[in-house]
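Pasted below: entry-v9.cif, mmCIF, N, CA and C atoms.
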```cif
data_run
#
loop_
_atom_site.group_PDB
_atom_site.id
_atom_site.type_symbol
_atom_site.label_atom_id
_atom_site.label_comp_id
_atom_site.auth_asym_id
_atom_site.auth_seq_id
_atom_site.Cartn_x
_atom_site.Cartn_y
_atom_site.Cartn_z
ATOM 1 N N MET Z 24 0.851 -1.177 0.000
ATOM 2 C CA MET Z 24 0.000 0.000 0.000
ATOM 3 C C MET Z 24 0.892 1.234 0.000
ATOM 4 N N ASP Z 25 0.571 2.205 -0.795
ATOM 5 C CA ASP Z 25 1.430 3.373 -0.884
ATOM 6 C C ASP Z 25 1.125 4.351 0.258
ATOM 7 N N SER Z 26 2.137 5.153 0.652
ATOM 8 C CA SER Z 26 2.017 5.992 1.843
ATOM 9 C C SER Z 26 0.964 7.091 1.682
ATOM 10 N N ALA Z 27 0.757 7.623 0.476
ATOM 11 C CA ALA Z 27 -0.269 8.648 0.258
ATOM 12 C C ALA Z 27 -1.650 8.074 0.528
ATOM 13 N N LYS Z 28 -1.904 6.848 0.075
ATOM 14 C CA LYS Z 28 -3.197 6.199 0.326
ATOM 15 C C LYS Z 28 -3.370 5.929 1.821
ATOM 16 N N THR Z 29 -2.308 5.503 2.493
ATOM 17 C CA THR Z 29 -2.363 5.240 3.929
ATOM 18 C C THR Z 29 -2.697 6.515 4.691
ATOM 19 N N GLN Z 30 -2.060 7.630 4.312
ATOM 20 C CA GLN Z 30 -2.336 8.904 4.972
ATOM 21 C C GLN Z 30 -3.776 9.334 4.747
ATOM 22 N N LEU Z 31 -4.298 9.167 3.532
ATOM 23 C CA LEU Z 31 -5.675 9.516 3.218
ATOM 24 C C LEU Z 31 -6.636 8.669 4.045
ATOM 25 N N ASP Z 32 -6.397 7.358 4.115
ATOM 26 C CA ASP Z 32 -7.239 6.468 4.912
ATOM 27 C C ASP Z 32 -7.208 6.862 6.382
ATOM 28 N N THR Z 33 -6.034 7.217 6.907
ATOM 29 C CA THR Z 33 -5.902 7.630 8.303
ATOM 30 C C THR Z 33 -6.699 8.896 8.569
ATOM 31 N N ARG Z 34 -6.632 9.875 7.646
ATOM 32 C CA ARG Z 34 -7.394 11.114 7.815
ATOM 33 C C ARG Z 34 -8.893 10.848 7.806
ATOM 34 N N LYS Z 35 -9.370 9.922 6.960
ATOM 35 C CA LYS Z 35 -10.798 9.582 6.928
ATOM 36 C C LYS Z 35 -11.234 8.986 8.258
ATOM 37 N N VAL Z 36 -10.437 8.091 8.814
ATOM 38 C CA VAL Z 36 -10.758 7.489 10.111
ATOM 39 C C VAL Z 36 -10.743 8.555 11.195
ATOM 40 N N ASP Z 37 -9.717 9.424 11.207
ATOM 41 C CA ASP Z 37 -9.642 10.506 12.190
ATOM 42 C C ASP Z 37 -10.860 11.414 12.097
ATOM 43 N N ALA Z 38 -11.262 11.763 10.879
ATOM 44 C CA ALA Z 38 -12.413 12.644 10.683
ATOM 45 C C ALA Z 38 -13.692 11.988 11.195
ATOM 46 N N ALA Z 39 -13.816 10.690 11.037
ATOM 47 C CA ALA Z 39 -15.011 9.989 11.513
ATOM 48 C C ALA Z 39 -15.142 10.093 13.026
ATOM 49 N N PHE Z 40 -14.024 10.066 13.730
ATOM 50 C CA PHE Z 40 -14.067 10.109 15.192
ATOM 51 C C PHE Z 40 -14.324 11.504 15.745
ATOM 52 N N THR Z 41 -14.208 12.542 14.924
ATOM 53 C CA THR Z 41 -14.443 13.889 15.427
ATOM 54 C C THR Z 41 -15.918 14.144 15.722
ATOM 55 N N HIS Z 42 -16.803 13.278 15.287
ATOM 56 C CA HIS Z 42 -18.239 13.450 15.514
ATOM 57 C C HIS Z 42 -18.766 12.546 16.615
ATOM 58 N N VAL Z 43 -17.895 11.878 17.332
ATOM 59 C CA VAL Z 43 -18.302 10.991 18.419
ATOM 60 C C VAL Z 43 -18.346 11.798 19.713
ATOM 61 N N PRO Z 44 -19.503 11.831 20.400
ATOM 62 C CA PRO Z 44 -19.571 12.593 21.653
ATOM 63 C C PRO Z 44 -18.793 11.885 22.767
ATOM 64 N N ILE Z 45 -18.219 12.684 23.646
ATOM 65 C CA ILE Z 45 -17.541 12.129 24.814
ATOM 66 C C ILE Z 45 -18.109 12.802 26.052
ATOM 67 N N GLU Z 46 -17.922 12.174 27.180
ATOM 68 C CA GLU Z 46 -18.377 12.749 28.441
ATOM 69 C C GLU Z 46 -17.179 13.306 29.186
ATOM 70 N N ILE Z 47 -17.291 14.563 29.615
ATOM 71 C CA ILE Z 47 -16.252 15.195 30.414
ATOM 72 C C ILE Z 47 -16.796 15.341 31.828
ATOM 73 N N MET Z 48 -16.051 14.820 32.794
ATOM 74 C CA MET Z 48 -16.424 14.912 34.206
ATOM 75 C C MET Z 48 -15.724 16.127 34.803
ATOM 76 N N VAL Z 49 -16.463 16.961 35.520
ATOM 77 C CA VAL Z 49 -15.887 18.126 36.175
ATOM 78 C C VAL Z 49 -15.880 17.853 37.673
ATOM 79 N N SER Z 50 -14.696 17.864 38.258
ATOM 80 C CA SER Z 50 -14.545 17.591 39.689
ATOM 81 C C SER Z 50 -14.362 18.907 40.434
ATOM 82 N N VAL Z 51 -15.299 19.217 41.317
ATOM 83 C CA VAL Z 51 -15.217 20.463 42.079
ATOM 84 C C VAL Z 51 -14.552 20.266 43.429
ATOM 85 N N GLY Z 52 -14.327 19.039 43.836
ATOM 86 C CA GLY Z 52 -13.666 18.786 45.110
ATOM 87 C C GLY Z 52 -14.038 17.422 45.659
ATOM 88 N N ARG Z 53 -13.423 17.092 46.775
ATOM 89 C CA ARG Z 53 -13.682 15.811 47.431
ATOM 90 C C ARG Z 53 -14.020 16.041 48.886
ATOM 91 N N ALA Z 54 -14.825 15.157 49.424
ATOM 92 C CA ALA Z 54 -15.155 15.165 50.848
ATOM 93 C C ALA Z 54 -14.651 13.862 51.445
ATOM 94 N N ARG Z 55 -14.174 13.917 52.662
ATOM 95 C CA ARG Z 55 -13.664 12.718 53.334
ATOM 96 C C ARG Z 55 -14.237 12.641 54.750
ATOM 97 N N PRO Z 56 -15.545 12.445 54.851
ATOM 98 C CA PRO Z 56 -16.133 12.364 56.193
ATOM 99 C C PRO Z 56 -15.836 11.010 56.837
ATOM 100 N N LEU Z 57 -15.908 10.972 58.144
ATOM 101 C CA LEU Z 57 -15.834 9.699 58.853
ATOM 102 C C LEU Z 57 -17.118 8.934 58.566
ATOM 103 N N VAL Z 58 -17.067 7.626 58.660
ATOM 104 C CA VAL Z 58 -18.249 6.801 58.389
ATOM 105 C C VAL Z 58 -19.390 7.216 59.311
ATOM 106 N N ARG Z 59 -19.097 7.487 60.592
ATOM 107 C CA ARG Z 59 -20.173 7.871 61.526
ATOM 108 C C ARG Z 59 -20.848 9.161 61.082
ATOM 109 N N ASP Z 60 -20.054 10.101 60.512
ATOM 110 C CA ASP Z 60 -20.634 11.354 60.020
ATOM 111 C C ASP Z 60 -21.445 11.120 58.751
ATOM 112 N N LEU Z 61 -20.968 10.227 57.889
ATOM 113 C CA LEU Z 61 -21.683 9.880 56.671
ATOM 114 C C LEU Z 61 -23.047 9.279 56.997
ATOM 115 N N LEU Z 62 -23.092 8.428 58.006
ATOM 116 C CA LEU Z 62 -24.346 7.781 58.391
ATOM 117 C C LEU Z 62 -25.352 8.760 58.986
ATOM 118 N N GLN Z 63 -24.879 9.913 59.429
ATOM 119 C CA GLN Z 63 -25.771 10.919 60.028
ATOM 120 C C GLN Z 63 -26.254 11.965 59.023
ATOM 121 N N LEU Z 64 -25.805 11.856 57.763
ATOM 122 C CA LEU Z 64 -26.234 12.831 56.766
ATOM 123 C C LEU Z 64 -27.726 12.720 56.508
ATOM 124 N N GLU Z 65 -28.348 13.864 56.352
ATOM 125 C CA GLU Z 65 -29.771 13.912 56.013
ATOM 126 C C GLU Z 65 -30.009 15.140 55.150
ATOM 127 N N GLU Z 66 -31.196 15.271 54.650
ATOM 128 C CA GLU Z 66 -31.514 16.422 53.818
ATOM 129 C C GLU Z 66 -31.211 17.701 54.574
ATOM 130 N N GLY Z 67 -30.482 18.602 53.940
ATOM 131 C CA GLY Z 67 -30.100 19.863 54.571
ATOM 132 C C GLY Z 67 -28.722 19.825 55.213
ATOM 133 N N SER Z 68 -28.118 18.632 55.320
ATOM 134 C CA SER Z 68 -26.762 18.535 55.873
ATOM 135 C C SER Z 68 -25.774 19.217 54.926
ATOM 136 N N VAL Z 69 -24.670 19.689 55.475
ATOM 137 C CA VAL Z 69 -23.625 20.326 54.690
ATOM 138 C C VAL Z 69 -22.409 19.415 54.684
ATOM 139 N N LEU Z 70 -21.908 19.141 53.503
ATOM 140 C CA LEU Z 70 -20.736 18.295 53.331
ATOM 141 C C LEU Z 70 -19.595 19.188 52.841
ATOM 142 N N LEU Z 71 -18.575 19.368 53.673
ATOM 143 C CA LEU Z 71 -17.462 20.239 53.320
ATOM 144 C C LEU Z 71 -16.531 19.552 52.323
ATOM 145 N N LEU Z 72 -16.140 20.310 51.314
ATOM 146 C CA LEU Z 72 -15.207 19.813 50.308
ATOM 147 C C LEU Z 72 -13.802 20.323 50.613
ATOM 148 N N ASP Z 73 -12.822 19.735 49.947
ATOM 149 C CA ASP Z 73 -11.422 20.118 50.171
ATOM 150 C C ASP Z 73 -10.993 21.316 49.331
ATOM 151 N N LYS Z 74 -11.944 21.998 48.693
ATOM 152 C CA LYS Z 74 -11.626 23.153 47.856
ATOM 153 C C LYS Z 74 -12.521 24.323 48.217
ATOM 154 N N ARG Z 75 -12.070 25.498 47.789
ATOM 155 C CA ARG Z 75 -12.842 26.710 47.994
ATOM 156 C C ARG Z 75 -13.558 27.060 46.680
ATOM 157 N N VAL Z 76 -14.544 27.913 46.746
ATOM 158 C CA VAL Z 76 -15.330 28.294 45.571
ATOM 159 C C VAL Z 76 -14.447 28.858 44.467
ATOM 160 N N GLU Z 77 -13.432 29.628 44.823
ATOM 161 C CA GLU Z 77 -12.588 30.270 43.811
ATOM 162 C C GLU Z 77 -11.505 29.352 43.254
ATOM 163 N N ASP Z 78 -11.340 28.147 43.801
ATOM 164 C CA ASP Z 78 -10.331 27.207 43.307
ATOM 165 C C ASP Z 78 -10.713 26.652 41.943
ATOM 166 N N ALA Z 79 -9.701 26.291 41.161
ATOM 167 C CA ALA Z 79 -9.939 25.687 39.851
ATOM 168 C C ALA Z 79 -10.593 24.314 40.008
ATOM 169 N N VAL Z 80 -11.426 23.962 39.039
ATOM 170 C CA VAL Z 80 -12.023 22.627 38.986
ATOM 171 C C VAL Z 80 -11.220 21.804 37.988
ATOM 172 N N GLU Z 81 -11.279 20.486 38.128
ATOM 173 C CA GLU Z 81 -10.527 19.590 37.248
ATOM 174 C C GLU Z 81 -11.471 18.955 36.246
ATOM 175 N N LEU Z 82 -11.028 18.849 34.988
ATOM 176 C CA LEU Z 82 -11.820 18.228 33.932
ATOM 177 C C LEU Z 82 -11.177 16.905 33.551
ATOM 178 N N TYR Z 83 -11.985 15.850 33.519
ATOM 179 C CA TYR Z 83 -11.496 14.511 33.214
ATOM 180 C C TYR Z 83 -12.283 13.898 32.066
ATOM 181 N N VAL Z 84 -11.589 13.123 31.243
ATOM 182 C CA VAL Z 84 -12.213 12.192 30.310
ATOM 183 C C VAL Z 84 -11.758 10.828 30.805
ATOM 184 N N GLY Z 85 -12.704 10.048 31.303
ATOM 185 C CA GLY Z 85 -12.337 8.804 31.984
ATOM 186 C C GLY Z 85 -11.539 9.165 33.214
ATOM 187 N N ASP Z 86 -10.365 8.557 33.364
ATOM 188 C CA ASP Z 86 -9.524 8.891 34.516
ATOM 189 C C ASP Z 86 -8.361 9.809 34.126
ATOM 190 N N ARG Z 87 -8.411 10.372 32.920
ATOM 191 C CA ARG Z 87 -7.339 11.241 32.439
ATOM 192 C C ARG Z 87 -7.693 12.711 32.643
ATOM 193 N N LEU Z 88 -6.844 13.428 33.392
ATOM 194 C CA LEU Z 88 -7.019 14.858 33.598
ATOM 195 C C LEU Z 88 -6.719 15.570 32.287
ATOM 196 N N ILE Z 89 -7.694 16.315 31.766
ATOM 197 C CA ILE Z 89 -7.487 16.999 30.482
ATOM 198 C C ILE Z 89 -7.356 18.506 30.618
ATOM 199 N N GLY Z 90 -7.671 19.049 31.800
ATOM 200 C CA GLY Z 90 -7.540 20.488 31.953
ATOM 201 C C GLY Z 90 -8.093 20.989 33.269
ATOM 202 N N LEU Z 91 -7.971 22.301 33.443
ATOM 203 C CA LEU Z 91 -8.482 22.992 34.624
ATOM 204 C C LEU Z 91 -9.377 24.132 34.172
ATOM 205 N N GLY Z 92 -10.330 24.478 35.002
ATOM 206 C CA GLY Z 92 -11.229 25.573 34.668
ATOM 207 C C GLY Z 92 -11.799 26.218 35.904
ATOM 208 N N VAL Z 93 -12.553 27.276 35.688
ATOM 209 C CA VAL Z 93 -13.247 27.949 36.779
ATOM 210 C C VAL Z 93 -14.745 27.914 36.487
ATOM 211 N N LEU Z 94 -15.530 27.734 37.536
ATOM 212 C CA LEU Z 94 -16.981 27.686 37.377
ATOM 213 C C LEU Z 94 -17.522 29.087 37.135
ATOM 214 N N GLU Z 95 -18.467 29.177 36.222
ATOM 215 C CA GLU Z 95 -19.136 30.431 35.905
ATOM 216 C C GLU Z 95 -20.609 30.140 35.640
ATOM 217 N N ILE Z 96 -21.370 31.203 35.538
ATOM 218 C CA ILE Z 96 -22.772 31.087 35.143
ATOM 219 C C ILE Z 96 -22.921 31.816 33.819
ATOM 220 N N ALA Z 97 -23.466 31.136 32.817
ATOM 221 C CA ALA Z 97 -23.661 31.745 31.497
ATOM 222 C C ALA Z 97 -24.586 32.949 31.651
ATOM 223 N N GLU Z 98 -24.194 34.060 31.043
ATOM 224 C CA GLU Z 98 -24.943 35.300 31.236
ATOM 225 C C GLU Z 98 -25.752 35.733 30.026
ATOM 226 N N THR Z 99 -25.524 35.090 28.875
ATOM 227 C CA THR Z 99 -26.252 35.502 27.674
ATOM 228 C C THR Z 99 -26.699 34.283 26.879
ATOM 229 N N GLY Z 100 -27.587 34.516 25.947
ATOM 230 C CA GLY Z 100 -28.029 33.468 25.025
ATOM 231 C C GLY Z 100 -28.993 32.476 25.652
ATOM 232 N N GLU Z 101 -29.202 31.378 24.928
ATOM 233 C CA GLU Z 101 -30.141 30.345 25.370
ATOM 234 C C GLU Z 101 -29.731 29.693 26.682
ATOM 235 N N GLN Z 102 -28.432 29.654 26.949
ATOM 236 C CA GLN Z 102 -27.933 28.991 28.145
ATOM 237 C C GLN Z 102 -27.848 29.927 29.353
ATOM 238 N N GLN Z 103 -28.428 31.101 29.270
ATOM 239 C CA GLN Z 103 -28.354 32.063 30.371
ATOM 240 C C GLN Z 103 -28.773 31.393 31.676
ATOM 241 N N GLY Z 104 -27.954 31.587 32.702
ATOM 242 C CA GLY Z 104 -28.227 31.007 34.014
ATOM 243 C C GLY Z 104 -27.681 29.606 34.202
ATOM 244 N N GLN Z 105 -27.180 28.998 33.140
ATOM 245 C CA GLN Z 105 -26.654 27.628 33.215
ATOM 246 C C GLN Z 105 -25.217 27.639 33.725
ATOM 247 N N LEU Z 106 -24.893 26.667 34.568
ATOM 248 C CA LEU Z 106 -23.546 26.511 35.088
ATOM 249 C C LEU Z 106 -22.617 26.086 33.962
ATOM 250 N N CYS Z 107 -21.423 26.686 33.906
ATOM 251 C CA CYS Z 107 -20.456 26.333 32.862
ATOM 252 C C CYS Z 107 -19.041 26.417 33.426
ATOM 253 N N VAL Z 108 -18.076 25.981 32.638
ATOM 254 C CA VAL Z 108 -16.668 25.992 33.037
ATOM 255 C C VAL Z 108 -15.874 26.771 32.002
ATOM 256 N N ARG Z 109 -15.112 27.766 32.460
ATOM 257 C CA ARG Z 109 -14.200 28.492 31.574
ATOM 258 C C ARG Z 109 -12.829 27.844 31.732
ATOM 259 N N LEU Z 110 -12.273 27.328 30.630
ATOM 260 C CA LEU Z 110 -10.989 26.631 30.677
ATOM 261 C C LEU Z 110 -9.855 27.619 30.918
ATOM 262 N N VAL Z 111 -8.972 27.256 31.850
ATOM 263 C CA VAL Z 111 -7.806 28.091 32.137
ATOM 264 C C VAL Z 111 -6.509 27.374 31.809
ATOM 265 N N ASP Z 112 -6.573 26.063 31.647
ATOM 266 C CA ASP Z 112 -5.399 25.275 31.281
ATOM 267 C C ASP Z 112 -5.888 23.989 30.622
ATOM 268 N N VAL Z 113 -5.373 23.689 29.420
ATOM 269 C CA VAL Z 113 -5.776 22.487 28.707
ATOM 270 C C VAL Z 113 -4.535 21.658 28.433
ATOM 271 N N ASN Z 114 -4.565 20.392 28.850
ATOM 272 C CA ASN Z 114 -3.453 19.495 28.595
ATOM 273 C C ASN Z 114 -3.376 19.166 27.113
ATOM 274 N N ASP Z 115 -2.200 18.825 26.632
ATOM 275 C CA ASP Z 115 -2.012 18.420 25.242
ATOM 276 C C ASP Z 115 -2.812 17.154 24.990
ATOM 277 N N LEU Z 116 -3.778 17.227 24.090
ATOM 278 C CA LEU Z 116 -4.657 16.089 23.824
ATOM 279 C C LEU Z 116 -4.293 15.359 22.537
ATOM 280 N N GLY Z 117 -3.259 15.801 21.865
ATOM 281 C CA GLY Z 117 -2.863 15.168 20.601
ATOM 282 C C GLY Z 117 -2.290 13.787 20.826
ATOM 283 N N PRO Z 118 -1.982 13.073 19.721
ATOM 284 C CA PRO Z 118 -1.471 11.703 19.802
ATOM 285 C C PRO Z 118 -0.230 11.584 20.660
ATOM 286 N N SER Z 119 0.645 12.602 20.663
ATOM 287 C CA SER Z 119 1.851 12.521 21.471
ATOM 288 C C SER Z 119 1.597 12.879 22.928
ATOM 289 N N GLY Z 120 0.387 13.388 23.236
ATOM 290 C CA GLY Z 120 0.062 13.782 24.604
ATOM 291 C C GLY Z 120 -0.464 12.662 25.443
ATOM 292 N N SER Z 121 -0.370 11.426 24.969
ATOM 293 C CA SER Z 121 -0.902 10.266 25.687
ATOM 294 C C SER Z 121 -0.119 9.959 26.925
#
```
Before we go any further, please render this structure as structure tokens.
Amino acid sequence: MDSAKTQLDTRKVDAAFTHVPIEIMVSVGRARPLVRDLLQLEEGSVLLLDKRVEDAVELYVGDRLIGLGVLEIAETGEQQGQLCVRLVDVNDLGPSGS
């Protein structure tokens, strides 16, 4: 098989995957309560996290950290009032960034 055909086939496969949706998990923090405290949780209880409101949140695809962001509320358009994340750091996601 000639290399030009191989490159063309690779680009077609790559292009096909650009339309596949993925799920990004946004981690705002972790809580580490004692089991006795966990068993006492009820509606209205407050669970303290290990981060502050102004701290960056972590974005994951699966178990891979892909970036950091800050929480915001959309102020315009159809999504007005919706919670969103403004990216402040994005890890290299290319083939060599594995």
So how far away is atom CA of Asp86 of chain Z from atom C of Asp60 of chain Z, in Å?
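Interatomic distance here is 27.1 Å.
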What is the atom N of Gly104 of chain Z to atom N of Lys74 of chain Z distance in Å?
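Going from atom N of Gly104 of chain Z over to atom N of Lys74 of chain Z covers 24.6 Å.
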Which is closer to Leu71 of chain Z than all the others in Z:Gly92, Z:Gly85, Z:Gly52, Z:Pro44, using only N, CA and C atoms?
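When distances to Leu71 of chain Z are compared using only N, CA and C atoms, the smallest one comes from Z:Gly52.
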Could you pull out the strand (DSSP E) residues of chain Z, going by DSSP on the backbone, and write them as a PyMOL selection string?
chain Z and resi 48-50+80-84+87-96+106-113
Please evaluate the PyMOL selection byres ((chain Z and resi 80) around 8) against the structure above and give the resulting residues as a list in words.
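That selection, the PyMOL selection byres ((chain Z and resi 80) around 8), comes back as Met48, Val49, Ser50, Val51, Gly52, Val76, Glu77, Asp78, Ala79, Glu81, Leu82, Tyr83, Gly90, Leu91, Gly92, Val93 and Leu94 of chain Z.
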Distance atom C of Ala54 of chain Z-atom C of Glu95 of chain Z, one decimal place?
23.5 Å
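DSSP annotation of chain Z from backbone atoms: alpha helix (DSSP H) residues are Z:Ser26, Z:Ala27, Z:Lys28, Z:Thr29, Z:Gln30, Z:Leu31, Z:Asp32, Z:Thr33, Z:Arg34, Z:Lys35, Z:Val36, Z:Asp37, Z:Ala38, Z:Ala39, Z:Phe40, Z:Val58, Z:Arg59, Z:Asp60, Z:Leu61, Z:Leu62.
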Select, from Z:Leu116, Z:Leu88, Z:Leu106, Z:Val111, the residue with the minimum atom-to-atom distance to Ile47 of chain Z, counting only C-alpha atoms.
Z:Leu88
From the list Z:Asp37, Z:Glu65, Z:Asp73, Z:Asp115, the nearest residue to Arg53 of chain Z using all atoms listed in the file is Z:Asp73
